[in-house]
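J.: Shown below is the structure under consideration.
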Amino acid sequence: MSKREESEMASDVEGRAIAYELEGATRWYGDGAARVAALDSLSLTIASGEFVAVLGPSGSGKSTLLQLMGALDDPSSGTVRFEQRLLGGLSEPELAALRLSAIGFVFQQFNLIPTLTAAENVEVALAPLRTDRGQRRKLALGQLDAVGLASRAEHLPGQLSGGEQQRAGIARALARAPRVILGDEPTGNLDARNGEMVIDLLEALHRELGITLVLVTHDHAVAERADRVLGLEDGRLVSDSGLGDRLEVRG
Amino acid sequence: MIYARFLVAELRRRPGRTALTVLGLAIGVGLVVVVGALSAGLDDAQEEVLEPLAGLGTDMRVSRPLAVPSGGTSGPPDFSALSEREQRRLKRENPDDLFAFEPGELGSPGERFTTFQALSSDLSFPESTVARVARLDGVVAAVPALSLQTVRIEGDVPEENEMVNPHASYDITSLNVTGVEVGNSTLAPVTQDQLVAGSYFSPAVAKARGQVILDAAYARQNRIGIGDRANIGGKRLQVIGLAAAPLGGAASNAYVELGRLQELTDREGRVNVILARARSTAAVDSVRREITGAVPGGIVTTATDLAERIGGSLSDAKDLSSTLGAALAAVALGAAFLVAAMLALSGVQRRTRELGTLKALGWRRLLVVRQVSAESVVQGVLGGLLGALIGVGGAALLTALNLSLDASVAQAGAVGFFGQGEVTSRSAEVVIGAPVDLWLLLSAIALSGLGGLLAAAAGGLKAARLRPAEALRSVE
């Protein structure tokens with residue numbers, strides 16, 4: 001039985017569509033003797049609607065994995081498939097369209113545009129959709145309301161607390177109704193209370209909307225909330241817990 | 001429009017950078033406008049200077065200048081190319097040595113003496129040549145004139161055998177005088193139109209013989225007014241008019257009746273200038289050829305020739321504006337373009353993570369490039385508008401300063417044959433404006449827009465090359 005067949009069987013067993021499928025995904029940086037593998041022959045499958053935490057120390061390849069899954073980077077070798085589409089085979093506009101329609105990012109540093117208000121930051125994410133101004137505004141305000149920031153819509157990021165900024169970031173990620181949210185240390189810059197609030201919010205969205213949630217973290221408390229925890233070390237997958245033996249760990 | 005809001009917010013977010021880019025382009029554009037306006041002003045000034053000639057587009061001046069001896073501007077003229085008769089004639093009209101006179105003959109040693117010499121760098125010809133020219137095909141009028149330099153030498157008669165350095169011992173003053181046929185007040189070395197004060201010669205030759213018209217600048221300089229007497233060739237003539245000096249007219253400080261000047265300088269029946277008028281401007285070239293054939297050695301000068309001989313500070317300023325000014329504007333604009341491009345590049349560098357975030361949010365590369373480029377273009381347009389304002393202000397300041405320059409036309413061939421070492425010339429003073437026309441402004445703004453586009457291209461290309469993953473890893 002091929003690995004692909006095993007994966008398909010796994011998804012059949014789970015009864016859910018496959019969101020991600022990585023086969024021998026490797027990403028290295030530098031050349032020659034200076035070449036460093038950030039990810040080393042990683043193979044895994046993530047089902048649609050899963051809440052997956054990726055746990056590992058700094059430099060273990062967590063963020064690189066997230067960038068490959070977010071269609072922001074190409075593997076040096078191996079393949080990454082999203083909803084069965086081979087990302088390496090897509091053009092730049094197709095990748096942009098995919099990120100626009102299906103993938104939401106939540107960043108550790110929030111990455112809000114400092115000169116725009118919270119509402120405008122959400123609108124910027126909607127801009128390429130060519131919705132009319134009124135509708136875009138309504139959508140943006142609706143998303144901010146959903147994350148409890150309706151009253152802070154016209155505030156600049158600098159006028160918001162860290163937790164509020166991250167909630168604005170989540171509203172921005174959700175604005176385009178993505179099927180996947182990829183969070184890179186979303187609580188990394190927050191205190192415990194705000195961090196928990198943000199995870200509560202993401203988990204609720206995952207449960208209510210069925211969004212596939214992949215969070216990179218080194219916080220075990222966050223990882224415990226996930227359905228499944230992937231352990232990375234030196235770019236290799238060293239553990240995969242939470243889905244028991246239904247998914248095979250390879251790599 | 002969120003794109004516009006984003007753009008404005010970004011420009012305001014970095015006011016120093018935005019101001020530097022806009023100001024850099026504005027200064028470049030302002031300089032282009034000022035230099036362009038000044039150049040237009042100088043063109044206008046030149047046109048103004050040549051305006052008297054423009055009305056006389058069919059007029060030409062015929063003379064027979066001597067060739068300047070090669071190898072220097074002093075020494076005796078080279079008469080060898082002339083016929084023996086002409087050589088004799090010229091030598092009679094122009095003594096080899098200005099001081100060839102015998103002071104002892106002017107009085108007793110120690111007595112005060114005054115003597116006059118009349119010199120010409122042009123060969124003279126009989127007045128009958130004028131009638132021959134007038135009969136040529138295409139010529140509607142031809143009038144004679146005699147243009148001379150009178151030199152007044154004043155001093156004490158030296159003792160016998162006393163060695164005298166004439167330049168040190170005698171008081172020498174020279175005056176350019178032109179003899180005018182008074183019957184024609186429109187085609188003449190000085191015309192009715194040139195008068196700025198007083199009146200023109202009396203048409204009656206007998207009366208005109210006692211009259212003189214002075215160049216207005218010369219009269220002002222020597223504090224001579226209408227009604228005063230002026231000493232011309234030892235005769236005191238009444239000043240009846242003051243004339244502005246048009247470029248291209250015979251170089252003269254004074255104009256007298258032709259016959260009187262011939263008489264005073266022992267040149268009866270001789271003239272050295274013919275002013276001729278062609279039937280039309282189209283006929284000028286053929287008339288010029290005809291005249292050259294009819295007057296051996298004759299040089300025909302037209303208005304076009306004179307325009308090419310415009311000299312003086314006006315010409316220098318024009319050269320300066322077209323070379324240094326243009327170079328300065330080009331360098332300033334180039335520097336502004338470079339600064340704008342560098343700032344656009346560093347702007348992209350500083351915003352790497354932000355641009356990476358936009359890509360992560362699903363912005364296509366083209367959209368990111370458009371956003372970055374639009375900022376540069378807007379800065380270019382702002383720079384253009386501000387530059388236009390600076391330029392208009394600078395040009396208005398130049399106009400308000402009422403700068404004046406002088407324009408002159410050197411007379412051909414009159415370079416110190418006879419020791420006096422003077423170049424006769426006619427000059428005029430003109431006020432320089434700096435008019436700004438709409439096209440100049442629009443062109444300048446377009447130039448700034450081009451600078452913005454270049455900066456946009458630089459920034460846009462850099463933004464396009466950003467790989468989202470690397471951009472997101474960057475630390476701002």
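Identifiers for the structure tokens are assigned positionally: chains receive A, B, ... in sequence, residues are indexed from 1 per chain, and ligands are indexed from 1 in the order shown.
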Could you list, as a PyMOL selection string, every residue within 7 Å of segment 103-111 of chain A, counting only C-alpha atoms and ignoring same-chain residues fewer than 6 positions away?

T.: (chain A and resi 70+165-166+169-170+173-174+178-189) or (chain B and resi 354+357)

J.: With the cut-off set at 10 Å and counting only C-alpha atoms, tabulate each residue of chain A with an atom at most that distance from an atom of chain B, showing the nearest atom pair and its distance in Å to one decimal, ordered by chain and increasing number, as JSON lines.

T.:
{"residue": "A:Ser63", "atom": "CA", "partner": "B:Arg473", "partner_atom": "CA", "distance": 9.4}
{"residue": "A:Thr64", "atom": "CA", "partner": "B:Ala469", "partner_atom": "CA", "distance": 8.4}
{"residue": "A:Leu66", "atom": "CA", "partner": "B:Ala469", "partner_atom": "CA", "distance": 9.8}
{"residue": "A:Gln67", "atom": "CA", "partner": "B:Ala469", "partner_atom": "CA", "distance": 6.3}
{"residue": "A:Leu68", "atom": "CA", "partner": "B:Ala469", "partner_atom": "CA", "distance": 8.7}
{"residue": "A:Gly70", "atom": "CA", "partner": "B:Ala360", "partner_atom": "CA", "distance": 7.8}
{"residue": "A:Ala71", "atom": "CA", "partner": "B:Ala360", "partner_atom": "CA", "distance": 8.4}
{"residue": "A:Leu72", "atom": "CA", "partner": "B:Ala469", "partner_atom": "CA", "distance": 5.2}
{"residue": "A:Asp73", "atom": "CA", "partner": "B:Ala469", "partner_atom": "CA", "distance": 5.6}
{"residue": "A:Asp74", "atom": "CA", "partner": "B:Ala469", "partner_atom": "CA", "distance": 9.2}
{"residue": "A:Glu92", "atom": "CA", "partner": "B:Arg364", "partner_atom": "CA", "distance": 7.4}
{"residue": "A:Pro93", "atom": "CA", "partner": "B:Arg364", "partner_atom": "CA", "distance": 5.9}
{"residue": "A:Glu94", "atom": "CA", "partner": "B:Arg364", "partner_atom": "CA", "distance": 8.9}
{"residue": "A:Leu95", "atom": "CA", "partner": "B:Gly362", "partner_atom": "CA", "distance": 8.0}
{"residue": "A:Ala96", "atom": "CA", "partner": "B:Gly362", "partner_atom": "CA", "distance": 4.6}
{"residue": "A:Ala97", "atom": "CA", "partner": "B:Gly362", "partner_atom": "CA", "distance": 6.0}
{"residue": "A:Leu98", "atom": "CA", "partner": "B:Gly362", "partner_atom": "CA", "distance": 7.3}
{"residue": "A:Arg99", "atom": "CA", "partner": "B:Gly362", "partner_atom": "CA", "distance": 4.8}
{"residue": "A:Leu100", "atom": "CA", "partner": "B:Gly362", "partner_atom": "CA", "distance": 3.9}
{"residue": "A:Ser101", "atom": "CA", "partner": "B:Gly362", "partner_atom": "CA", "distance": 7.7}
{"residue": "A:Ala102", "atom": "CA", "partner": "B:Gly362", "partner_atom": "CA", "distance": 9.4}
{"residue": "A:Ile103", "atom": "CA", "partner": "B:Leu361", "partner_atom": "CA", "distance": 8.1}
{"residue": "A:Gly104", "atom": "CA", "partner": "B:Leu361", "partner_atom": "CA", "distance": 7.1}
{"residue": "A:Phe105", "atom": "CA", "partner": "B:Ala360", "partner_atom": "CA", "distance": 7.1}
{"residue": "A:Val106", "atom": "CA", "partner": "B:Ala360", "partner_atom": "CA", "distance": 10.0}
{"residue": "A:Phe107", "atom": "CA", "partner": "B:Thr357", "partner_atom": "CA", "distance": 9.2}
{"residue": "A:Phe110", "atom": "CA", "partner": "B:Thr357", "partner_atom": "CA", "distance": 9.8}
{"residue": "A:Asn111", "atom": "CA", "partner": "B:Thr357", "partner_atom": "CA", "distance": 6.7}
{"residue": "A:Leu112", "atom": "CA", "partner": "B:Glu354", "partner_atom": "CA", "distance": 8.0}
{"residue": "A:Ile113", "atom": "CA", "partner": "B:Glu354", "partner_atom": "CA", "distance": 6.9}
{"residue": "A:Pro114", "atom": "CA", "partner": "B:Arg13", "partner_atom": "CA", "distance": 8.6}
{"residue": "A:Thr115", "atom": "CA", "partner": "B:Ala9", "partner_atom": "CA", "distance": 5.6}
{"residue": "A:Leu116", "atom": "CA", "partner": "B:Ala9", "partner_atom": "CA", "distance": 7.0}
{"residue": "A:Glu120", "atom": "CA", "partner": "B:Ile2", "partner_atom": "CA", "distance": 7.3}
{"residue": "A:Asn121", "atom": "CA", "partner": "B:Phe6", "partner_atom": "CA", "distance": 9.4}
{"residue": "A:Glu123", "atom": "CA", "partner": "B:Ile2", "partner_atom": "CA", "distance": 7.1}
{"residue": "A:Val124", "atom": "CA", "partner": "B:Ile2", "partner_atom": "CA", "distance": 6.7}
{"residue": "A:Ala125", "atom": "CA", "partner": "B:Leu361", "partner_atom": "CA", "distance": 5.7}
{"residue": "A:Leu126", "atom": "CA", "partner": "B:Leu361", "partner_atom": "CA", "distance": 8.6}
{"residue": "A:Ala127", "atom": "CA", "partner": "B:Ile2", "partner_atom": "CA", "distance": 7.0}
{"residue": "A:Pro128", "atom": "CA", "partner": "B:Trp363", "partner_atom": "CA", "distance": 6.3}
{"residue": "A:Leu129", "atom": "CA", "partner": "B:Gly362", "partner_atom": "CA", "distance": 9.4}
{"residue": "A:Asp132", "atom": "CA", "partner": "B:Met1", "partner_atom": "CA", "distance": 9.3}
{"residue": "A:Arg133", "atom": "CA", "partner": "B:Met1", "partner_atom": "CA", "distance": 6.9}
{"residue": "A:Arg136", "atom": "CA", "partner": "B:Ile2", "partner_atom": "CA", "distance": 9.7}
{"residue": "A:Arg137", "atom": "CA", "partner": "B:Ile2", "partner_atom": "CA", "distance": 9.8}
{"residue": "A:Arg172", "atom": "CA", "partner": "B:Leu361", "partner_atom": "CA", "distance": 8.6}
{"residue": "A:Ala173", "atom": "CA", "partner": "B:Leu361", "partner_atom": "CA", "distance": 7.7}
{"residue": "A:Arg176", "atom": "CA", "partner": "B:Leu361", "partner_atom": "CA", "distance": 9.3}

J.: Please report the interatomic distance between atom CA of Thr352 of chain B and atom CA of Val372 of chain B in Å with one decimal.

T.: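 About the pair atom CA of Thr352 of chain B and atom CA of Val372 of chain B: they are 11.2 Å apart.
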
J.: Hey, what does DSSP flag as helix (DSSP H, G or I) within segment 123-163 of chain A? Can you give it to me as a list in words?

T.: Glu123, Val124, Ala125, Leu126, Ala127, Pro128, Leu129, Arg133, Gly134, Gln135, Arg136, Arg137, Lys138, Leu139, Ala140, Leu141, Gly142, Gln143, Leu144, Asp145, Ala146, Ala150, Ser151, Arg152, Pro157, Gly158, Gln159, Gly162 and Gly163 of chain A

J.: If you keep N, CA and C atoms, can you produce a file of those selected residues as a PDB file, in the first residue's frame?

T.:
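part34.pdb written:
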ATOM      1  N   GLU A 123     -10.701  45.697   6.668  1.00  0.00           N
ATOM      2  CA  GLU A 123     -11.085  46.039   5.284  1.00  0.00           C
ATOM      3  C   GLU A 123      -9.952  45.769   4.297  1.00  0.00           C
ATOM      4  N   VAL A 124      -8.717  46.015   4.735  1.00  0.00           N
ATOM      5  CA  VAL A 124      -7.567  45.769   3.858  1.00  0.00           C
ATOM      6  C   VAL A 124      -7.534  44.301   3.416  1.00  0.00           C
ATOM      7  N   ALA A 125      -7.910  43.421   4.343  1.00  0.00           N
ATOM      8  CA  ALA A 125      -7.922  41.995   3.993  1.00  0.00           C
ATOM      9  C   ALA A 125      -9.026  41.676   2.996  1.00  0.00           C
ATOM     10  N   LEU A 126     -10.078  42.505   3.010  1.00  0.00           N
ATOM     11  CA  LEU A 126     -11.204  42.257   2.101  1.00  0.00           C
ATOM     12  C   LEU A 126     -11.028  42.971   0.760  1.00  0.00           C
ATOM     13  N   ALA A 127     -10.086  43.900   0.715  1.00  0.00           N
ATOM     14  CA  ALA A 127      -9.942  44.761  -0.466  1.00  0.00           C
ATOM     15  C   ALA A 127      -9.858  43.990  -1.782  1.00  0.00           C
ATOM     16  N   PRO A 128      -9.038  42.927  -1.865  1.00  0.00           N
ATOM     17  CA  PRO A 128      -8.922  42.255  -3.172  1.00  0.00           C
ATOM     18  C   PRO A 128     -10.205  41.565  -3.627  1.00  0.00           C
ATOM     19  N   LEU A 129     -11.192  41.425  -2.726  1.00  0.00           N
ATOM     20  CA  LEU A 129     -12.435  40.738  -3.103  1.00  0.00           C
ATOM     21  C   LEU A 129     -13.349  41.623  -3.948  1.00  0.00           C
ATOM     22  N   ARG A 133     -17.865  49.262  -1.119  1.00  0.00           N
ATOM     23  CA  ARG A 133     -17.329  49.857   0.102  1.00  0.00           C
ATOM     24  C   ARG A 133     -18.242  49.620   1.308  1.00  0.00           C
ATOM     25  N   GLY A 134     -19.551  49.814   1.078  1.00  0.00           N
ATOM     26  CA  GLY A 134     -20.509  49.671   2.175  1.00  0.00           C
ATOM     27  C   GLY A 134     -20.525  48.248   2.714  1.00  0.00           C
ATOM     28  N   GLN A 135     -20.533  47.316   1.779  1.00  0.00           N
ATOM     29  CA  GLN A 135     -20.599  45.900   2.183  1.00  0.00           C
ATOM     30  C   GLN A 135     -19.315  45.502   2.908  1.00  0.00           C
ATOM     31  N   ARG A 136     -18.201  46.013   2.384  1.00  0.00           N
ATOM     32  CA  ARG A 136     -16.908  45.685   3.001  1.00  0.00           C
ATOM     33  C   ARG A 136     -16.847  46.235   4.423  1.00  0.00           C
ATOM     34  N   ARG A 137     -17.351  47.428   4.566  1.00  0.00           N
ATOM     35  CA  ARG A 137     -17.356  48.066   5.886  1.00  0.00           C
ATOM     36  C   ARG A 137     -18.228  47.260   6.850  1.00  0.00           C
ATOM     37  N   LYS A 138     -19.382  46.847   6.341  1.00  0.00           N
ATOM     38  CA  LYS A 138     -20.328  46.097   7.181  1.00  0.00           C
ATOM     39  C   LYS A 138     -19.705  44.780   7.630  1.00  0.00           C
ATOM     40  N   LEU A 139     -19.064  44.112   6.680  1.00  0.00           N
ATOM     41  CA  LEU A 139     -18.397  42.836   6.995  1.00  0.00           C
ATOM     42  C   LEU A 139     -17.317  43.037   8.054  1.00  0.00           C
ATOM     43  N   ALA A 140     -16.528  44.096   7.888  1.00  0.00           N
ATOM     44  CA  ALA A 140     -15.424  44.363   8.804  1.00  0.00           C
ATOM     45  C   ALA A 140     -15.955  44.611  10.208  1.00  0.00           C
ATOM     46  N   LEU A 141     -16.995  45.443  10.281  1.00  0.00           N
ATOM     47  CA  LEU A 141     -17.554  45.754  11.603  1.00  0.00           C
ATOM     48  C   LEU A 141     -18.179  44.514  12.230  1.00  0.00           C
ATOM     49  N   GLY A 142     -18.804  43.683  11.371  1.00  0.00           N
ATOM     50  CA  GLY A 142     -19.400  42.439  11.861  1.00  0.00           C
ATOM     51  C   GLY A 142     -18.346  41.522  12.474  1.00  0.00           C
ATOM     52  N   GLN A 143     -17.206  41.423  11.807  1.00  0.00           N
ATOM     53  CA  GLN A 143     -16.135  40.557  12.318  1.00  0.00           C
ATOM     54  C   GLN A 143     -15.568  41.092  13.631  1.00  0.00           C
ATOM     55  N   LEU A 144     -15.430  42.406  13.691  1.00  0.00           N
ATOM     56  CA  LEU A 144     -14.916  43.002  14.938  1.00  0.00           C
ATOM     57  C   LEU A 144     -15.913  42.768  16.074  1.00  0.00           C
ATOM     58  N   ASP A 145     -17.183  42.837  15.729  1.00  0.00           N
ATOM     59  CA  ASP A 145     -18.216  42.579  16.735  1.00  0.00           C
ATOM     60  C   ASP A 145     -18.120  41.133  17.222  1.00  0.00           C
ATOM     61  N   ALA A 146     -17.851  40.228  16.266  1.00  0.00           N
ATOM     62  CA  ALA A 146     -17.764  38.800  16.609  1.00  0.00           C
ATOM     63  C   ALA A 146     -16.615  38.513  17.579  1.00  0.00           C
ATOM     64  N   ALA A 150     -16.293  45.613  18.775  1.00  0.00           N
ATOM     65  CA  ALA A 150     -17.142  46.582  18.065  1.00  0.00           C
ATOM     66  C   ALA A 150     -16.868  48.006  18.528  1.00  0.00           C
ATOM     67  N   SER A 151     -16.657  48.161  19.812  1.00  0.00           N
ATOM     68  CA  SER A 151     -16.478  49.516  20.346  1.00  0.00           C
ATOM     69  C   SER A 151     -15.087  50.081  20.062  1.00  0.00           C
ATOM     70  N   ARG A 152     -14.201  49.239  19.575  1.00  0.00           N
ATOM     71  CA  ARG A 152     -12.824  49.689  19.321  1.00  0.00           C
ATOM     72  C   ARG A 152     -12.518  49.755  17.822  1.00  0.00           C
ATOM     73  N   PRO A 157      -4.178  50.607  15.949  1.00  0.00           N
ATOM     74  CA  PRO A 157      -3.565  49.504  16.704  1.00  0.00           C
ATOM     75  C   PRO A 157      -2.816  49.983  17.949  1.00  0.00           C
ATOM     76  N   GLY A 158      -2.158  51.121  17.825  1.00  0.00           N
ATOM     77  CA  GLY A 158      -1.402  51.640  18.960  1.00  0.00           C
ATOM     78  C   GLY A 158      -2.284  52.000  20.138  1.00  0.00           C
ATOM     79  N   GLN A 159      -3.586  52.157  19.876  1.00  0.00           N
ATOM     80  CA  GLN A 159      -4.509  52.515  20.958  1.00  0.00           C
ATOM     81  C   GLN A 159      -5.184  51.288  21.553  1.00  0.00           C
ATOM     82  N   GLY A 162      -2.611  44.564  23.743  1.00  0.00           N
ATOM     83  CA  GLY A 162      -2.110  43.424  22.979  1.00  0.00           C
ATOM     84  C   GLY A 162      -3.220  42.433  22.656  1.00  0.00           C
ATOM     85  N   GLY A 163      -4.060  42.147  23.649  1.00  0.00           N
ATOM     86  CA  GLY A 163      -5.159  41.195  23.434  1.00  0.00           C
ATOM     87  C   GLY A 163      -6.134  41.714  22.402  1.00  0.00           C
TER      88      GLY A 163
END

J.: So that I can see what lies close to segment 16-33 of chain B, please list as a ChimeraX atom specification the residues with an atom at most 7 Å from it, counting only C-alpha atoms and leaving out residues fewer than 2 positions away in the same chain.

T.: /B:11,14,35-37,329,332-333,336-337,339-340,379-380,382-384,386-388,390-391,440-441,444,448

J.: Keeping N, CA and C atoms, export the residues of the selection given above as a PDB file, in the first residue's frame.

T.:
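Saved as part08.pdb:
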ATOM      1  N   LEU B  11       1.637  57.695   3.584  1.00  0.00           N
ATOM      2  CA  LEU B  11       2.404  58.921   3.329  1.00  0.00           C
ATOM      3  C   LEU B  11       2.491  59.770   4.593  1.00  0.00           C
ATOM      4  N   ARG B  14       4.987  58.473   7.518  1.00  0.00           N
ATOM      5  CA  ARG B  14       6.414  58.812   7.447  1.00  0.00           C
ATOM      6  C   ARG B  14       6.556  60.211   6.860  1.00  0.00           C
ATOM      7  N   VAL B  35      14.387  77.896 -14.868  1.00  0.00           N
ATOM      8  CA  VAL B  35      15.329  77.953 -15.998  1.00  0.00           C
ATOM      9  C   VAL B  35      14.563  78.077 -17.318  1.00  0.00           C
ATOM     10  N   GLY B  36      13.453  77.329 -17.415  1.00  0.00           N
ATOM     11  CA  GLY B  36      12.629  77.405 -18.625  1.00  0.00           C
ATOM     12  C   GLY B  36      12.066  78.809 -18.811  1.00  0.00           C
ATOM     13  N   ALA B  37      11.577  79.382 -17.692  1.00  0.00           N
ATOM     14  CA  ALA B  37      10.984  80.718 -17.758  1.00  0.00           C
ATOM     15  C   ALA B  37      12.054  81.755 -18.113  1.00  0.00           C
ATOM     16  N   ALA B 329      19.502  72.299 -13.874  1.00  0.00           N
ATOM     17  CA  ALA B 329      18.151  71.763 -13.719  1.00  0.00           C
ATOM     18  C   ALA B 329      18.158  70.253 -13.919  1.00  0.00           C
ATOM     19  N   ALA B 332      19.752  68.644 -10.869  1.00  0.00           N
ATOM     20  CA  ALA B 332      18.843  68.715  -9.719  1.00  0.00           C
ATOM     21  C   ALA B 332      17.711  67.704  -9.879  1.00  0.00           C
ATOM     22  N   LEU B 333      17.197  67.648 -11.107  1.00  0.00           N
ATOM     23  CA  LEU B 333      16.086  66.724 -11.355  1.00  0.00           C
ATOM     24  C   LEU B 333      16.564  65.279 -11.239  1.00  0.00           C
ATOM     25  N   ALA B 336      16.996  64.465  -7.717  1.00  0.00           N
ATOM     26  CA  ALA B 336      15.683  64.288  -7.082  1.00  0.00           C
ATOM     27  C   ALA B 336      15.106  62.920  -7.439  1.00  0.00           C
ATOM     28  N   PHE B 337      15.268  62.523  -8.707  1.00  0.00           N
ATOM     29  CA  PHE B 337      14.791  61.206  -9.140  1.00  0.00           C
ATOM     30  C   PHE B 337      15.490  60.117  -8.327  1.00  0.00           C
ATOM     31  N   VAL B 339      17.007  60.375  -5.406  1.00  0.00           N
ATOM     32  CA  VAL B 339      16.586  60.384  -3.996  1.00  0.00           C
ATOM     33  C   VAL B 339      15.214  59.728  -3.866  1.00  0.00           C
ATOM     34  N   ALA B 340      14.307  60.090  -4.778  1.00  0.00           N
ATOM     35  CA  ALA B 340      12.961  59.515  -4.722  1.00  0.00           C
ATOM     36  C   ALA B 340      13.027  57.992  -4.860  1.00  0.00           C
ATOM     37  N   GLN B 379       3.556  61.009  -4.636  1.00  0.00           N
ATOM     38  CA  GLN B 379       4.629  61.909  -4.192  1.00  0.00           C
ATOM     39  C   GLN B 379       5.187  62.685  -5.383  1.00  0.00           C
ATOM     40  N   GLY B 380       5.288  62.012  -6.520  1.00  0.00           N
ATOM     41  CA  GLY B 380       5.776  62.680  -7.731  1.00  0.00           C
ATOM     42  C   GLY B 380       4.858  63.818  -8.144  1.00  0.00           C
ATOM     43  N   LEU B 382       2.657  65.371  -6.200  1.00  0.00           N
ATOM     44  CA  LEU B 382       2.738  66.432  -5.183  1.00  0.00           C
ATOM     45  C   LEU B 382       4.002  67.268  -5.397  1.00  0.00           C
ATOM     46  N   GLY B 383       5.109  66.570  -5.659  1.00  0.00           N
ATOM     47  CA  GLY B 383       6.375  67.263  -5.914  1.00  0.00           C
ATOM     48  C   GLY B 383       6.252  68.160  -7.131  1.00  0.00           C
ATOM     49  N   GLY B 384       5.553  67.667  -8.149  1.00  0.00           N
ATOM     50  CA  GLY B 384       5.365  68.456  -9.370  1.00  0.00           C
ATOM     51  C   GLY B 384       4.568  69.721  -9.095  1.00  0.00           C
ATOM     52  N   LEU B 386       4.072  71.219  -6.157  1.00  0.00           N
ATOM     53  CA  LEU B 386       4.844  72.128  -5.301  1.00  0.00           C
ATOM     54  C   LEU B 386       5.971  72.777  -6.110  1.00  0.00           C
ATOM     55  N   GLY B 387       6.593  71.958  -6.961  1.00  0.00           N
ATOM     56  CA  GLY B 387       7.672  72.475  -7.806  1.00  0.00           C
ATOM     57  C   GLY B 387       7.162  73.553  -8.750  1.00  0.00           C
ATOM     58  N   ALA B 388       5.942  73.346  -9.267  1.00  0.00           N
ATOM     59  CA  ALA B 388       5.354  74.350 -10.151  1.00  0.00           C
ATOM     60  C   ALA B 388       5.172  75.660  -9.386  1.00  0.00           C
ATOM     61  N   ILE B 390       6.886  76.602  -6.707  1.00  0.00           N
ATOM     62  CA  ILE B 390       8.219  77.159  -6.473  1.00  0.00           C
ATOM     63  C   ILE B 390       8.715  77.845  -7.746  1.00  0.00           C
ATOM     64  N   GLY B 391       8.502  77.169  -8.863  1.00  0.00           N
ATOM     65  CA  GLY B 391       8.957  77.708 -10.141  1.00  0.00           C
ATOM     66  C   GLY B 391       8.269  79.014 -10.483  1.00  0.00           C
ATOM     67  N   LEU B 440       4.909  74.883 -20.027  1.00  0.00           N
ATOM     68  CA  LEU B 440       6.115  74.704 -19.216  1.00  0.00           C
ATOM     69  C   LEU B 440       5.734  74.072 -17.880  1.00  0.00           C
ATOM     70  N   LEU B 441       4.647  74.597 -17.294  1.00  0.00           N
ATOM     71  CA  LEU B 441       4.205  74.068 -15.998  1.00  0.00           C
ATOM     72  C   LEU B 441       3.783  72.606 -16.125  1.00  0.00           C
ATOM     73  N   ALA B 444       6.692  70.402 -16.556  1.00  0.00           N
ATOM     74  CA  ALA B 444       7.441  70.232 -15.316  1.00  0.00           C
ATOM     75  C   ALA B 444       6.735  69.245 -14.394  1.00  0.00           C
ATOM     76  N   SER B 448       8.022  65.580 -13.007  1.00  0.00           N
ATOM     77  CA  SER B 448       8.000  65.106 -11.623  1.00  0.00           C
ATOM     78  C   SER B 448       7.245  63.781 -11.541  1.00  0.00           C
TER      79      SER B 448
END

J.: Which residues are near Ala456 of chain B? Cut-off 7 Å, only C-alpha atoms, ignore same chain within fewer than 6 positions. Put them as a PDB file with C-alpha atoms, in the first residue's frame.

T.:
ATOM      1  CA  ALA B 344      11.089  54.301  -2.347  1.00  0.00           C
ATOM      2  CA  VAL B 372       3.712  50.779  -3.322  1.00  0.00           C
ATOM      3  CA  SER B 373       4.069  52.424  -6.727  1.00  0.00           C
ATOM      4  CA  ALA B 374       0.997  54.594  -6.260  1.00  0.00           C
ATOM      5  CA  SER B 376       5.639  57.166  -5.285  1.00  0.00           C
ATOM      6  CA  VAL B 377       3.467  58.464  -8.090  1.00  0.00           C
TER       7      VAL B 377
END

J.: Which distance in Å separates atom CA of Ala457 of chain B and atom CA of Pro15 of chain B, to one decimal?

T.: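 Answer for the atom CA of Ala457 of chain B to atom CA of Pro15 of chain B separation: 21.2 Å.
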
J.: From a DSSP pass on the backbone, collect the residues of segment 31-243 of chain B flagged as strand (DSSP E or B) and hand them back as an NGL selection string.

T.: :B and (59-63 or 65 or 112-119 or 122 or 125-126 or 139-156 or 171-180 or 195-198 or 211-215 or 229-232 or 235-243)

J.: Any idea what the distance is between atom CA of Val256 of chain B and atom CA of Val212 of chain B?

T.: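 Going from atom CA of Val256 of chain B over to atom CA of Val212 of chain B, I get 4.9 Å.
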
J.: Between A:Gln84, A:Val122, A:Glu203, A:Val54, single out the one closest to His220 of chain A, counting only C-alpha atoms.

T.: A:Val54
